[in-house]
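The file coords-v9.cif comes next; it holds mmCIF, C-alpha atoms.
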```cif
data_target
loop_
_atom_site.label_atom_id
_atom_site.label_comp_id
_atom_site.auth_asym_id
_atom_site.auth_seq_id
_atom_site.Cartn_x
_atom_site.Cartn_y
_atom_site.Cartn_z
CA MET A 23 41.32 -12.56 47.10
CA MET A 24 45.04 -12.54 47.92
CA LEU A 25 46.59 -13.38 51.27
CA THR A 26 50.24 -12.70 52.02
CA LEU A 27 52.21 -13.95 55.00
CA LEU A 28 55.70 -12.77 55.90
CA HIS A 29 57.76 -14.87 58.29
CA ILE A 30 60.14 -12.72 60.39
CA PRO A 31 62.36 -13.43 63.41
CA PRO A 32 61.34 -12.66 66.99
CA LEU A 33 62.59 -9.26 68.20
CA PRO A 34 64.03 -8.91 71.69
CA ILE A 35 61.33 -7.56 73.99
CA ASN A 36 58.38 -9.00 75.78
CA SER A 37 54.99 -8.98 74.01
CA PRO A 38 51.74 -7.72 75.58
CA SER A 39 49.41 -10.37 76.89
CA SER A 40 46.11 -11.06 75.11
CA PRO A 41 42.63 -11.42 76.67
CA PRO A 42 40.93 -14.85 76.53
CA PRO A 43 39.28 -15.70 73.17
CA ARG A 44 35.55 -15.92 72.42
CA ARG A 45 33.47 -16.71 69.33
CA ARG A 46 33.84 -14.79 66.07
CA ARG A 47 32.81 -15.45 62.49
CA CYS A 48 34.77 -17.23 59.76
CA PRO A 49 38.18 -18.41 61.05
CA PRO A 50 40.76 -18.72 58.21
CA PRO A 51 42.18 -21.96 56.72
CA MET A 52 44.61 -23.83 58.94
CA ALA A 53 47.16 -24.01 56.10
CA ALA A 54 47.93 -20.32 56.43
CA PHE A 55 49.78 -20.98 59.68
CA ALA A 56 51.34 -24.31 58.74
CA SER A 57 54.90 -22.99 58.72
CA ALA A 58 54.73 -21.05 62.02
CA PRO A 59 57.43 -22.06 64.53
CA GLN A 60 56.27 -24.52 67.17
CA GLN A 61 56.52 -22.36 70.29
CA SER A 62 54.33 -21.42 73.22
CA LYS A 63 51.79 -18.84 71.96
CA PRO A 64 53.72 -17.51 68.94
CA LEU A 65 53.06 -13.87 68.09
CA VAL A 66 51.39 -13.01 64.77
CA LEU A 67 50.79 -9.45 63.54
CA GLY A 68 47.98 -8.67 61.09
CA CYS A 69 47.47 -5.53 59.01
CA GLY A 70 44.16 -5.05 57.23
CA ALA A 71 40.39 -4.76 57.41
CA VAL A 72 38.02 -4.91 60.35
CA SER A 73 34.29 -4.22 60.19
CA VAL A 74 30.82 -5.01 61.46
CA ASP A 75 28.80 -7.37 59.23
CA TYR A 76 24.98 -7.37 59.00
CA LEU A 77 24.01 -10.75 57.56
CA ALA A 78 20.39 -10.93 56.35
CA THR A 79 19.24 -14.35 55.10
CA VAL A 80 16.40 -14.19 52.56
CA ALA A 81 14.39 -16.88 50.76
CA SER A 82 15.64 -15.61 47.38
CA PHE A 83 17.44 -12.52 46.13
CA PRO A 84 14.97 -9.63 45.60
CA ASN A 85 14.05 -8.11 42.26
CA PRO A 86 14.39 -4.33 41.80
CA ASP A 87 11.82 -2.41 43.88
CA ASP A 88 10.78 -5.57 45.80
CA LYS A 89 9.86 -5.51 49.47
CA ILE A 90 10.83 -8.72 51.23
CA ARG A 91 11.43 -9.97 54.76
CA SER A 92 14.55 -11.62 56.06
CA LEU A 93 14.45 -15.16 57.42
CA ALA A 94 17.24 -14.36 59.89
CA LEU A 95 19.56 -11.49 60.77
CA LYS A 96 22.95 -11.70 62.44
CA VAL A 97 25.31 -8.89 63.43
CA GLU A 98 28.89 -10.14 63.71
CA GLY A 99 32.48 -9.02 63.53
CA GLY A 100 33.97 -9.07 60.04
CA GLY A 101 36.90 -7.91 57.95
CA ASN A 102 39.54 -10.27 56.56
CA ALA A 103 42.25 -9.32 59.03
CA GLY A 104 39.89 -9.38 62.00
CA ASN A 105 38.61 -12.83 61.06
CA ALA A 106 42.07 -14.24 60.33
CA LEU A 107 43.51 -13.03 63.64
CA THR A 108 40.51 -14.41 65.49
CA GLY A 109 41.30 -17.74 63.85
CA ALA A 110 44.91 -17.35 64.98
CA ALA A 111 43.74 -16.82 68.56
CA ARG A 112 41.64 -20.01 68.32
CA LEU A 113 44.72 -21.88 67.17
CA GLY A 114 46.53 -20.82 70.33
CA LEU A 115 48.58 -18.00 68.81
CA SER A 116 48.91 -14.51 70.24
CA PRO A 117 47.64 -12.05 67.60
CA ARG A 118 48.02 -8.28 67.23
CA ILE A 119 46.32 -6.06 64.68
CA ILE A 120 47.10 -2.84 62.82
CA SER A 121 43.90 -1.32 61.45
CA LYS A 122 41.57 1.65 61.89
CA ALA A 123 38.10 2.32 63.28
CA SER A 124 36.24 5.38 64.52
CA ASN A 125 35.09 6.16 68.04
CA ASP A 126 31.45 5.56 67.04
CA ALA A 127 29.26 2.75 68.37
CA LEU A 128 30.39 0.36 65.62
CA GLY A 129 34.05 1.10 66.30
CA LYS A 130 33.64 0.44 70.00
CA SER A 131 31.93 -2.88 69.27
CA ILE A 132 34.71 -3.83 66.81
CA LEU A 133 37.40 -3.13 69.41
CA LYS A 134 35.54 -4.93 72.20
CA GLU A 135 34.88 -8.06 70.16
CA LEU A 136 38.48 -8.28 68.97
CA GLN A 137 39.73 -7.84 72.54
CA ASP A 138 37.28 -10.45 73.83
CA ASP A 139 38.46 -12.80 71.08
CA GLY A 140 42.05 -12.47 72.30
CA VAL A 141 43.37 -10.00 69.69
CA ASP A 142 45.66 -7.21 70.89
CA THR A 143 44.21 -3.92 69.58
CA SER A 144 46.89 -1.66 71.11
CA TYR A 145 48.20 -0.69 67.66
CA MET A 146 44.85 0.17 66.06
CA THR A 147 44.14 3.79 65.11
CA VAL A 148 40.84 5.19 66.42
CA ALA A 149 39.52 8.27 64.61
CA ASP A 150 37.74 11.03 66.49
CA GLY A 151 34.59 11.26 64.37
CA GLY A 152 33.76 9.70 61.02
CA ASN A 153 32.41 6.17 60.68
CA SER A 154 33.75 2.67 61.18
CA PRO A 155 33.60 0.12 58.32
CA PHE A 156 30.47 -2.00 57.96
CA THR A 157 28.97 -4.38 55.40
CA TYR A 158 25.42 -5.41 54.53
CA ILE A 159 25.42 -9.05 53.42
CA ILE A 160 22.38 -10.56 51.66
CA VAL A 161 22.46 -14.35 51.97
CA ASP A 162 20.29 -16.04 49.30
CA ASN A 163 18.86 -19.21 50.82
CA GLN A 164 17.85 -20.54 47.38
CA THR A 165 21.10 -20.16 45.45
CA LYS A 166 23.39 -20.33 48.54
CA THR A 167 25.16 -17.12 47.49
CA ARG A 168 25.90 -13.90 49.32
CA THR A 169 25.96 -10.32 48.09
CA CYS A 170 28.07 -7.79 50.00
CA ILE A 171 27.46 -4.03 50.15
CA HIS A 172 30.46 -2.52 51.91
CA THR A 173 30.79 0.95 53.41
CA PRO A 174 34.48 1.80 54.00
CA GLY A 175 35.59 3.51 57.17
CA TYR A 176 36.07 7.26 57.11
CA PRO A 177 38.48 8.93 57.34
CA PRO A 178 40.66 6.23 55.72
CA MET A 179 43.89 5.13 57.36
CA LYS A 180 47.03 6.97 56.23
CA PRO A 181 50.54 5.50 56.57
CA GLU A 182 51.72 8.44 58.68
CA GLU A 183 49.19 7.48 61.36
CA LEU A 184 51.37 4.44 62.11
CA THR A 185 54.34 6.03 63.85
CA LYS A 186 57.79 4.43 63.80
CA GLU A 187 57.54 3.89 67.54
CA ASN A 188 54.23 2.03 67.24
CA LEU A 189 55.46 0.01 64.26
CA PHE A 190 58.61 -1.11 66.10
CA ALA A 191 56.55 -1.96 69.19
CA ALA A 192 54.00 -3.91 67.12
CA LEU A 193 56.78 -5.98 65.51
CA HIS A 194 58.63 -6.80 68.75
CA GLY A 195 58.61 -10.56 69.28
CA VAL A 196 56.49 -11.21 66.18
CA GLU A 197 57.18 -14.40 64.19
CA MET A 198 54.67 -14.02 61.36
CA VAL A 199 52.94 -11.11 59.60
CA TYR A 200 49.58 -11.40 57.83
CA PHE A 201 48.23 -9.05 55.12
CA ASP A 202 44.77 -9.14 53.53
CA VAL A 203 45.54 -6.65 50.71
CA ARG A 204 43.54 -3.91 52.43
CA LEU A 205 44.99 -0.65 53.81
CA HIS A 206 47.67 -1.28 51.20
CA GLU A 207 49.72 1.87 51.80
CA THR A 208 50.05 1.08 55.51
CA ALA A 209 50.68 -2.58 54.67
CA LEU A 210 53.57 -1.59 52.41
CA LEU A 211 55.10 0.36 55.29
CA VAL A 212 54.86 -2.69 57.55
CA ALA A 213 56.20 -5.00 54.83
CA GLU A 214 59.20 -2.75 54.19
CA GLU A 215 60.11 -2.81 57.88
CA CYS A 216 59.81 -6.61 57.79
CA ARG A 217 62.17 -6.80 54.82
CA GLN A 218 64.75 -4.78 56.69
CA ALA A 219 64.44 -7.13 59.68
CA LYS A 220 65.19 -10.37 57.78
CA GLU A 221 66.38 -11.37 54.29
CA LYS A 222 64.33 -14.55 53.84
CA PHE A 223 60.53 -14.65 53.94
CA LEU A 224 57.65 -17.03 53.39
CA PHE A 225 54.95 -15.72 51.04
CA TRP A 226 51.62 -17.51 50.95
CA SER A 227 48.88 -16.49 48.57
CA THR A 228 45.63 -17.89 47.20
CA GLN A 229 44.49 -16.89 43.72
CA ARG A 230 40.88 -18.06 43.79
CA LYS A 231 39.90 -16.85 40.31
CA ARG A 232 42.58 -19.01 38.71
CA GLY A 233 42.25 -21.83 41.20
CA LYS A 234 45.95 -21.75 42.04
CA ASP A 235 47.93 -21.66 45.26
CA TRP A 236 51.58 -20.68 45.37
CA MET A 237 54.21 -20.51 48.05
CA THR A 238 57.78 -19.19 47.90
CA SER A 239 60.45 -18.39 50.41
#
```
Represent the structure of the file as structure tokens.
Amino acid sequence: MMLTLLHIPPLPINSPSSPPPRRRRCPPPMAAFASAPQQSKPLVLGCGAVSVDYLATVASFPNPDDKIRSLALKVEGGGNAGNALTGAARLGLSPRIISKASNDALGKSILKELQDDGVDTSYMTVADGGNSPFTYIIVDNQTKTRTCIHTPGYPPMKPEELTKENLFAALHGVEMVYFDVRLHETALLVAEECRQAKEKFLFWSTQRKRGKDWMTS
């Protein structure tokens, strides 16, 4: 998995306020925000995945054609960007998100949970029809592994759905931008606007397969 952070200067208008945070799954590592300026509720913008996760814990992973029962089932908010920005809210930051969901029951629950967590969803695209992203996760209690079966959202997000006006508004006052390497065409649009806003950036990435971390500015 690759994470990329861009550090950009505050832009000169007031930011929208965020609702109070509540619990959400899997906050990100603290190191990702280590270089954020020490200010009162700094603004961070995230662009990437949100979803609903169905986590079924089983005694052991099933064989083909098995019928088994789960030991526990949890339904929680997921998606790398959603989880990271929830972590940012817990750290006292003021997060905003650019992503996409549908106006189905899952999409409404995604939006509500993010808002309850303290994430500003004003810049999310909501499709009329289609389906919001969701993932079935099989947690093997014996091997302590998890298997993910992901269903992407439909219709997918297109860069043109993020208007210039919304992009400028989303970036106003922002000090850091987070990407989770999802919605990559939209992310490139956001990154290009960030590059035009400032010449020097901080890039933070984790390459788990090679066991290496790197950071440049």
Considering only C-alpha atoms, can you say which of A:Pro117, A:Phe156, A:Cys216, A:Leu128 comes closest to A:Asp142? A:Pro117
Counting all atoms listed in the file, figure out which residue out of A:Val161, A:Val141, A:Ile132, A:Leu211 gets nearest to A:Ser73.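 Answer, going by the shortest atom-to-atom distance: A:Ile132.
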Hits of the PyMOL selection byres ((chain A and resi 181) around 10) in this structure, as a list of chain:residue names: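 Evaluating the PyMOL selection byres ((chain A and resi 181) around 10) on this file yields A:Pro178, A:Met179, A:Lys180, A:Glu182, A:Glu183, A:Leu184, A:Thr185, A:Leu205, A:His206, A:Glu207, A:Thr208, A:Ala209, A:Leu210, A:Leu211, A:Val212.
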Applied to the shown file, which residues does the PyMOL selection byres ((chain A and resi 95) around 9) return, written as a count of residues only? 9
Could you name the residues that touch stretch 188-190 of chain A at 10 Å or less, counting all atoms listed in the file, but leaving out those on the same chain fewer than 5 positions away, as a list in words? Leu33, Ile120, Ser144, Tyr145, Met146, Glu183, Gly195, Leu211, Val212 and Glu215 of chain A
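Closest approach to A:Ser124 among A:Pro84, A:Gly101, A:Gly140, A:Gly175 is made by A:Gly175 (distances from all atoms listed in the file).
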If you measure from atom CA of A:Val74 to atom CA of A:Gly100, what distance in Å do you get, rounded to one decimal?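 So the two atoms, atom CA of A:Val74 and atom CA of A:Gly100, lie 5.3 Å apart.
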Nearby residues (all atoms listed in the file) at most 8 Å from A:Leu65, same-chain spacing under 6 positions excluded, as a PyMOL selection string: chain A and resi 37+115-118+195-198
For this file, the PyMOL selection byres ((chain A and resi 123) around 10) selects which residues, as a list in words?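 That expression, the PyMOL selection byres ((chain A and resi 123) around 10), corresponds here to Ala71, Val72, Ser73, Ser121, Lys122, Ser124, Asn125, Asp126, Leu128, Gly129, Lys130, Ile132, Leu133, Met146, Thr147, Val148, Ala149, Asp150, Gly151, Gly152, Asn153, Ser154, Pro155, Pro174, Gly175, Tyr176, Pro177, Pro178 and Met179 of chain A.
Computed from the coordinates, the atom CA of A:Gly99 to atom CA of A:Ser62 distance equals 26.9 Å.
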